[in-house]
Structure formats: C-alpha cells, structure tokens
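These notes concern the structure reproduced below.
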Amino acid sequence: MTLEQTLKQNTIEIFKEEFGADITADIVTINITKKEHEGDYTIVVFPLIKFSKKNPEQTAEILGNKLKEKTDIVGKFNVIKGFLNLSFTDIFWINRLKEISENKSYGTFEANHKKVVLEYCGPNTNKPLHIGHVRNMLLGFSMSEILKANGYDVTKVNIYNDRGINISKSMVSYLRYGNESTPQSTGIKGDHFVGDWYVKFNEVSKEELKSISNPPADPDEAQKLTPIFKEAHEMLLKWEAHDAEVMALWKKMNAWVYEGFQETFNLLGADFQKDYFESETYLLGKDIVDEGLQKNVFKKRSDGAVVVDLTPDGLDEKVLLRSDGTSIYITQDLATAELRHKDFNMEKMIYVVANEQDYHFKVLKLALQKLGKKWADGIYHLSYALVESPTGRFKSREGKTADADDLISEVLRIAEEKTKELGKIEGFTKEEADVLYKTIGLGALKYFVLRVNPYKKIIFNPEESIDFHGHTGPFVQYTHARIRAIMRKVGDTDFPGLQNLAGLSEVERELIIQLSEYENVVRIAAEKYDPSEIANYVYSIARTYNKFYHGFPILTAATEEEKKLRVALSNQTGVILKKAMKLLGIEVPEKM
RNA sequence: GACCCGGUAGCUCAGCUGGAUAGAGCAACAGUUUUCUAAACUGUCGGUCACUGGUUCGAAUCCAGUCCGGGUCACCA
C-alpha cells in the first residue's frame, strides 16, 4: 500500500469512527506539502467538512490527532485554514529510504501478463528519416520502456511504407541517371542515396514541365503530365504485376534504405521485434469489409463504395473501400490491426503516429469496435504534435535542419566541443571519450524532445535548443556522475544501521520524499501515456540532489551516522536517476 | 463552415480529475571554488495564466462565448 493509500484508508476509518460518516477515497485529496509550509503531505479538508459537520479547523484538528494516534508514522501536524499538514517522523522516512534501497526492483511492477503491441516509426522508404521520426521514435521507445516497468509484455513493431508511387519515383530516376552507382560506390548512406534520387525525380519533372503548355495549377496534377511521372506510374503497374526486373530493382533499393535506417535506429536506440511491410498488406482488407457488410455494420452505397456511418459518433460517413473495389489506407489499417491481433493476441495496441491522423485513428477504432472486436477497446493512438522550426513548419526545402542524421551528428559535434572545452576528458581513452560525447549529445537531444508533453508542438531551434545547462539531459547525467564519484570513493556496499539519527535536514527529507514518489510517477506515466512525466520528475530529483550536495558534506559528515545516511541517500538517488533515465532511453555516465 | 489540439514570465516549458502567495530552466544582472566533479549552487529582475462571463467556500484548472495559432473533415498515405 502506498503512503497515499494508507492515509486515505485511515482518514476513511476515522470519519466512520468519529463522525459516523461514510466517505470515499476520491474526496480525500492529498498533496505534497507546499515548500513554504511545514509538513510532508497535506490533506485538504474542505471537501470533508460536510461529513464532519464541523468547521475546517476543527475537522483538521480532530483528523490530525487521530491520524497521529492511529498510524504512528505521523510525528506532528499543523493546521492552516483548511489544510492539514502532516509531518512524518524521521524514523519513518529513514525506514522508507531503507525499504527503497533494499528493493532492487523498486519502481518496476510485477508482470501482469498483458500483451501490448506498440507500433512506432512508420517511415516511407523513399526518403530519409526526419525530425518528426526522431520525436516518434523517442516517444515510442520510451513508452515501451515505461509500459514494461509497469509489468506489461510489450512488443515493438515497425511498419514500412515500402511501395507505391513514391518509391517508384526514386526507382525511375535512378534507372535513368544512376549509372549503376550504389551507396557503397558513392559513400552515401543508403536511405539518403535513395532519397536523393527522389529529389532528382522532382527536379527532372519540374524541368520537363516547362515544355508542357497550359499545365494545371495544382503542382501534383501538373506533375502527372510529365514523361518521367508516366514512367514512374508504369513502373508502379509493373510492380503490381510482379514484373521480375522491377521487383529486383525495388528490392535492391529498399535494401539500401533499410541498411541506412538501421544505422539511425542504432544511434537512437530504436528497435523492433517485428517489421510489417505495406507491400505485404496493401491488398488485405476485403475480408474485413465483407465481414462488416455481413454484420450490417458497413453498407454499400449506391455508387458501389463501402462506407461506415459514424455520424452517431459525431464523425462523418467514411469510405472504407473504393467503388472499384480496391483498398484504401483505412482498409489496409483495419486489416493490419486484425493481422496484429492474430499475431499477438494483444490487449492493447498503441500507435505512435502524428496528430495529423487523429481523425483516422478515431475512425479505425470505432469501425473495429462496431465489428464487435473486443480488443479494439485497447487501441490507443499516442498522438504527438509536430516539431517546428522557429519560423514555422519544417519544410524539406529548408534542408538540413530537419534531417534526422544531420540533427544527430550536429548534436554529437556540440557535445564533443563542449566537453573538450570543459576539459572533462582527462584520463579518457579516445574510445571512452567518443562514448561520452554520444551519451551526452544524445542525452541532450532525447531529453529535449521527451520533456515536452506529446500533444504540444515542439519549437526546435537548431542554434539554441541543444543546451547542456539547467533543465536538460546533461544536467541529470552530470548529477549521476557526481554521485558515482562519491560512490567510487566509498565503495559500493550496502549501508545498514541507519536508525540512530539525530534528525533529517529539510533538503534530505525532501529528497527522500521525492525518491519515495518514483513508483507513483512510473505508474502515472503509463496511465497517461506520457514520458514527459518521467522527464520532469527526474529533473526535480537531480535539482534537489544538487542542492543537498552543495549544502552538506557527505564523506566528511560530522558523525558516522550522518555519513551513512548521506551516502545511502546519494547512492539511492543515483540508482533512481539511472532507472528513470533508462525509461527515457537515455544513458547516464559514470564520469563526465 | 464543422470538429480536434494548443495559448501560463522576453524565450522554452511545468502546473489542468478545482485547493494555500502560479513554479522551473534559458536569457540579463550580482555572488559562491584551499572542502566529495562549478555541465553545479545562491540571490535579484521578470506574470492581465489570450479575453469576457458563469459555476463555488475557492478557478490557470470546470462550463459557455470570443480572439489568435496549428491540424483534420480525400474513393491520398
């Protein structure tokens, strides 16, 4: 039982005994006491006075006294207006610290045997990953770690949009101008290599368009008139007809792309247990449409298109199958969802996809629910907002800044520069130093992205955003390294005998309370599908620790008891910082 | 037009299932190092919580309306 639950339970019992009133846990609000008041936790008594039939002060006084009697953990309390501020005894907090320290799996919940499938990344194979994919991957990976810590059995999957007109464009322009070059022969990373041919396609079609009279105003429509587009379209048809040569080229080029993607995945730490390919699923979906028609959930419109009526749910009528009987995006997704369920029999399916598709996922979930699929209740769209430059949305023509690989190498470069400036790598081998730059650079980037609530857009200014001071990843990493330096001096051992202590200082107490909150934060982050809960928490721990570190000697504490406590507190802070950062997919160094 | 999301300090963000005098970081300024890592710490400055009304003991938080920014409403993906 958590501290909060204990307090609520006791409050409920006291209200029964003292006032003969039955109250429920949800009207008992408990907060951590504000800094300017004395106390650890505060019970807000205003909502309770209609049950006690006494004024707030009297109610708080009675409740405080009874809690003190009943629980033996409440040392003292004070009442200000309607707020009952409870201070727990030092012994209670020291025991709490011991309890946390001794529990090696603190903050990790027991396996609940619930299967979760988490889809993230979802790249197109005709262009390299960009900053949006970076946010996606960091969120997806972190969410998976958080769910695992909450006891879920998580399977991460990726879906590749590996077919269609776009990859055909890359293929055509490569065929025309590529001269058998390869990523190896040019030294260009595979996904960029293929992406460059896609760019080339657009340049060529633009050029070709000049000799076409009266093109349509819509650039997409205009492009369709160019010879190179017609070639691409032909290629797509050949692909669909399984033309051997086209298939061979398609496979070759996609293989280059996957090789390139894999490098970026490795750098960011993204991984997948299973890959899905649209080339394998794009024809699926007829079965599920038939099923819907049979069950009278979907209907065939007079024009032949199959639709689902979502007007009762506040949405529109949505087409699920074209009038010519071919699939569209949603048809595929319905089928893919069903396929996943067959593959994994999961209870939850999480889609990490940008908020542009909010509507799409509402439709998807509703349609599956209407088909009577119980598991569709477990669908969750982890929607996130765009990453924008200070001048607005990143456009590919703005070039380098939006590219994932450029972004990463820039961050690593800055990390190296700053680390050298500070003279932090004395005694490091070249390899160790490189690892450190990577740890710090990626730590800064990941933290920068993850500390923001997913539904809020991120303004990313490449010049200013990667900072290593204050509310940043490196700040947390630095705090961890500081703690490890102390632990190296003391030797990593257990620290028994913490009981004989004169008194906890304010900041020590604050730190223990925060450490004690960790398991709640892990739970909340999963409930809210929000890694920023972890990010903001880990920062507040690091901040409190640094305050403590500056204010109190640890190794040279006045008494042996104090030293033990402070070392134990430091050690445990280090452990939690490391665990929490791991949930964000961020490494913490031993030295920096 | 309808619907969805956002609007909190100069900038970037917390706080939003109602609770005490709205918090951090950055930037600016002033300090702290013979003491465990100064990527740190302390202090100063900085607010019409977009606006208006409502609900109530109490509203940044809930409700209604308005304004601003973004997104979606494709037989595109």
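Ligands are numbered from 1 in the order shown, residues from 1 within each chain, and chains are lettered A, B, ... in the order they appear in the structure tokens.
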
Provide as a count of residues only the residues of chain A at most 8 Å from chain B, counting only C-alpha atoms (C1' of nucleotides).
37

Contact residues around A:Val449 with only C-alpha atoms (C1' of nucleotides) at 8 Å, ignoring same-chain residues under 6 positions, as an MDAnalysis selection string:
chainID A and resid 135 138 458

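In terms of minimum interatomic distance to B:C67, B:G7 ranks closest within B:G23, B:G46, B:G7, B:G1, counting only C-alpha atoms (C1' of nucleotides).
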
Nearest to A:Lys115 among A:Lys374, A:Arg523, A:His133, A:Lys148, with distances taken over only C-alpha atoms: which residue is it?
A:Lys148

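With only C-alpha atoms as the atoms that count, the residue of A:Asp403, A:Asp309, A:Glu145, A:Glu57 with the shortest distance to A:Lys370 is A:Asp309.
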
Which of stretch 358-430 of chain A DSSP labels strand (DSSP E), written as a PyMOL selection string:
chain A and resi 379-384+387-389+392-393

For A:Lys446, please output as a ChimeraX atom specification all residues within 12 Å (counting only C-alpha atoms (C1' of nucleotides); exclusion window: fewer than 3 positions along the same chain).
/A:131,134-142,267-270,407-408,411,438-443,449-452,465-467,472-474,531-532,535,581-587

Take the selection from the previous step and output its residues with N, CA and C atoms, as a short mmCIF file (atom, residue, chain, number, x, y, z; two decimals), in the first residue's frame.
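Done, and the output landed in out-v8.cif:
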```
data_model
loop_
_atom_site.label_atom_id
_atom_site.label_comp_id
_atom_site.auth_asym_id
_atom_site.auth_seq_id
_atom_site.Cartn_x
_atom_site.Cartn_y
_atom_site.Cartn_z
N ILE A 131 13.11 14.93 -38.53
CA ILE A 131 13.00 15.26 -37.10
C ILE A 131 11.69 14.73 -36.49
N VAL A 134 12.22 11.37 -35.41
CA VAL A 134 13.01 11.34 -34.18
C VAL A 134 12.07 11.45 -32.98
N ARG A 135 11.16 12.40 -33.02
CA ARG A 135 10.22 12.52 -31.90
C ARG A 135 9.42 11.23 -31.75
N ASN A 136 8.97 10.72 -32.86
CA ASN A 136 8.20 9.48 -32.86
C ASN A 136 8.97 8.35 -32.20
N MET A 137 10.21 8.16 -32.64
CA MET A 137 10.98 7.04 -32.13
C MET A 137 11.31 7.19 -30.66
N LEU A 138 11.64 8.41 -30.24
CA LEU A 138 11.97 8.61 -28.84
C LEU A 138 10.75 8.37 -27.97
N LEU A 139 9.61 8.87 -28.42
CA LEU A 139 8.37 8.65 -27.68
C LEU A 139 8.02 7.17 -27.63
N GLY A 140 8.08 6.53 -28.77
CA GLY A 140 7.70 5.13 -28.85
C GLY A 140 8.58 4.25 -28.00
N PHE A 141 9.87 4.48 -28.11
CA PHE A 141 10.80 3.65 -27.34
C PHE A 141 10.58 3.87 -25.84
N SER A 142 10.50 5.12 -25.45
CA SER A 142 10.32 5.43 -24.04
C SER A 142 9.01 4.85 -23.51
N LEU A 267 21.72 4.38 -33.55
CA LEU A 267 22.15 5.58 -32.85
C LEU A 267 21.12 6.03 -31.81
N LEU A 268 19.87 6.01 -32.21
CA LEU A 268 18.82 6.49 -31.31
C LEU A 268 18.37 5.43 -30.32
N GLY A 269 18.75 4.20 -30.58
CA GLY A 269 18.36 3.12 -29.68
C GLY A 269 17.01 2.52 -30.00
N ALA A 270 16.47 2.82 -31.16
CA ALA A 270 15.17 2.26 -31.52
C ALA A 270 15.34 0.82 -31.98
N LEU A 407 20.79 16.17 -37.80
CA LEU A 407 20.47 16.64 -36.46
C LEU A 407 21.32 15.91 -35.42
N ILE A 408 21.37 14.61 -35.55
CA ILE A 408 22.12 13.81 -34.58
C ILE A 408 23.61 14.14 -34.63
N VAL A 411 24.36 17.39 -32.96
CA VAL A 411 24.29 17.30 -31.51
C VAL A 411 25.55 16.63 -30.95
N LYS A 438 28.74 10.79 -27.24
CA LYS A 438 27.49 10.20 -27.71
C LYS A 438 26.45 10.18 -26.60
N THR A 439 26.89 9.77 -25.43
CA THR A 439 25.97 9.72 -24.29
C THR A 439 25.39 11.10 -24.01
N ILE A 440 26.27 12.09 -24.00
CA ILE A 440 25.83 13.44 -23.64
C ILE A 440 25.00 14.06 -24.77
N GLY A 441 25.49 13.95 -25.98
CA GLY A 441 24.79 14.55 -27.11
C GLY A 441 23.39 13.97 -27.28
N LEU A 442 23.33 12.64 -27.28
CA LEU A 442 22.02 12.01 -27.43
C LEU A 442 21.15 12.24 -26.20
N GLY A 443 21.80 12.30 -25.04
CA GLY A 443 21.05 12.60 -23.82
C GLY A 443 20.38 13.96 -23.92
N VAL A 449 13.45 16.49 -26.37
CA VAL A 449 12.22 16.08 -27.03
C VAL A 449 11.22 15.49 -26.04
N LEU A 450 11.71 14.68 -25.13
CA LEU A 450 10.80 13.93 -24.27
C LEU A 450 10.25 14.73 -23.10
N ARG A 451 10.89 15.84 -22.79
CA ARG A 451 10.40 16.57 -21.63
C ARG A 451 9.12 17.35 -21.94
N VAL A 452 8.81 17.44 -23.21
CA VAL A 452 7.59 18.16 -23.60
C VAL A 452 6.43 17.18 -23.76
N SER A 465 18.55 25.14 -29.22
CA SER A 465 17.80 24.15 -28.45
C SER A 465 18.68 23.16 -27.70
N ILE A 466 19.84 22.87 -28.26
CA ILE A 466 20.66 21.87 -27.60
C ILE A 466 21.56 22.56 -26.59
N ASP A 467 21.09 22.56 -25.37
CA ASP A 467 21.79 23.19 -24.28
C ASP A 467 22.18 22.11 -23.28
N THR A 472 17.94 20.06 -18.51
CA THR A 472 18.40 19.32 -19.69
C THR A 472 18.84 17.92 -19.30
N GLY A 473 19.04 17.10 -20.29
CA GLY A 473 19.54 15.76 -20.06
C GLY A 473 20.93 15.74 -19.42
N PRO A 474 21.87 16.50 -19.96
CA PRO A 474 23.20 16.51 -19.38
C PRO A 474 23.24 16.93 -17.91
N PRO A 531 5.75 10.11 -21.44
CA PRO A 531 7.12 10.08 -20.92
C PRO A 531 7.56 11.39 -20.27
N SER A 532 6.92 12.49 -20.60
CA SER A 532 7.36 13.76 -20.01
C SER A 532 7.14 13.76 -18.50
N ALA A 535 10.40 12.56 -17.35
CA ALA A 535 11.45 13.54 -17.61
C ALA A 535 11.41 14.67 -16.57
N MET A 581 16.06 7.52 -16.13
CA MET A 581 16.61 7.91 -17.44
C MET A 581 16.54 6.75 -18.41
N LYS A 582 16.68 5.55 -17.90
CA LYS A 582 16.57 4.38 -18.77
C LYS A 582 15.16 4.29 -19.36
N LEU A 583 14.17 4.69 -18.59
CA LEU A 583 12.80 4.71 -19.10
C LEU A 583 12.65 5.71 -20.24
N LEU A 584 13.55 6.67 -20.28
CA LEU A 584 13.53 7.64 -21.38
C LEU A 584 14.45 7.21 -22.51
N GLY A 585 15.13 6.10 -22.32
CA GLY A 585 16.08 5.65 -23.32
C GLY A 585 17.38 6.44 -23.29
N ILE A 586 17.68 7.03 -22.12
CA ILE A 586 18.89 7.86 -22.00
C ILE A 586 19.89 7.20 -21.05
N GLU A 587 21.11 7.09 -21.53
CA GLU A 587 22.19 6.53 -20.72
C GLU A 587 22.70 7.58 -19.74
#
```

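Residues within 7 Å of A:Thr226, counting only C-alpha atoms (C1' of nucleotides) and excluding same-chain residues fewer than 6 positions away, are Ser205, Glu208 and Leu209 of chain A.
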
With C-alpha atoms retained, export the selected residues as a PDB file, in the first residue's frame.
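And here's out_28.pdb as it stands now:
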```pdb
ATOM      1  CA  SER A 205       9.747  16.577 -63.584  1.00  0.00           C
ATOM      2  CA  GLU A 208      10.085  18.572 -68.088  1.00  0.00           C
ATOM      3  CA  LEU A 209       7.027  20.531 -67.097  1.00  0.00           C
TER       4      LEU A 209
END
```

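One finds atom CA of A:Lys295 at 25.9 Å from atom CA of A:His381.
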
Quick one: residues within 9 Å of A:Asp271, only C-alpha atoms (C1' of nucleotides) counted, chain neighbours fewer than 2 positions away excluded, as a VMD selection string?
chain A and resid 141 156 to 158 262 265 to 266 269 273

Preceding selection exported with C-alpha atoms as a PDB file, in the first residue's frame:
```pdb
ATOM      1  CA  PHE A 141      10.803   3.652 -27.337  1.00  0.00           C
ATOM      2  CA  LYS A 156       7.514  -3.150 -30.628  1.00  0.00           C
ATOM      3  CA  VAL A 157       6.703  -3.226 -34.307  1.00  0.00           C
ATOM      4  CA  ASN A 158       7.502  -1.029 -37.246  1.00  0.00           C
ATOM      5  CA  GLN A 262      19.254   0.687 -39.270  1.00  0.00           C
ATOM      6  CA  PHE A 265      17.865   3.253 -35.310  1.00  0.00           C
ATOM      7  CA  ASN A 266      21.069   2.064 -33.673  1.00  0.00           C
ATOM      8  CA  GLY A 269      18.363   3.121 -29.677  1.00  0.00           C
ATOM      9  CA  GLN A 273      10.645  -7.168 -32.716  1.00  0.00           C
TER      10      GLN A 273
END
```

Give me the residues near A:Thr281 as a PyMOL selection string, where near means some atom within 8 Å (using only C-alpha atoms (C1' of nucleotides)) and where sequence neighbours in that chain fewer than 6 positions away do not count.
chain A and resi 332+335-336

Considering only C-alpha atoms, can you say which of A:Phe51, A:Asn150, A:Glu245, A:Gln58 comes closest to A:Val521?
A:Asn150

At what distance in Å, to one decimal, does atom CA of A:Ile350 lie from atom CA of A:Tyr529?
9.6 Å

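Taking atom CA of A:Gly122 and atom CA of A:Asp333 as endpoints, the distance between them is 12.6 Å.
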
Show which residues sit within 12 Å of B:G53, as number ranges by chain. Count only C-alpha atoms (C1' of nucleotides), and ignore same-chain residues fewer than 3 positions away.
B: 63-66
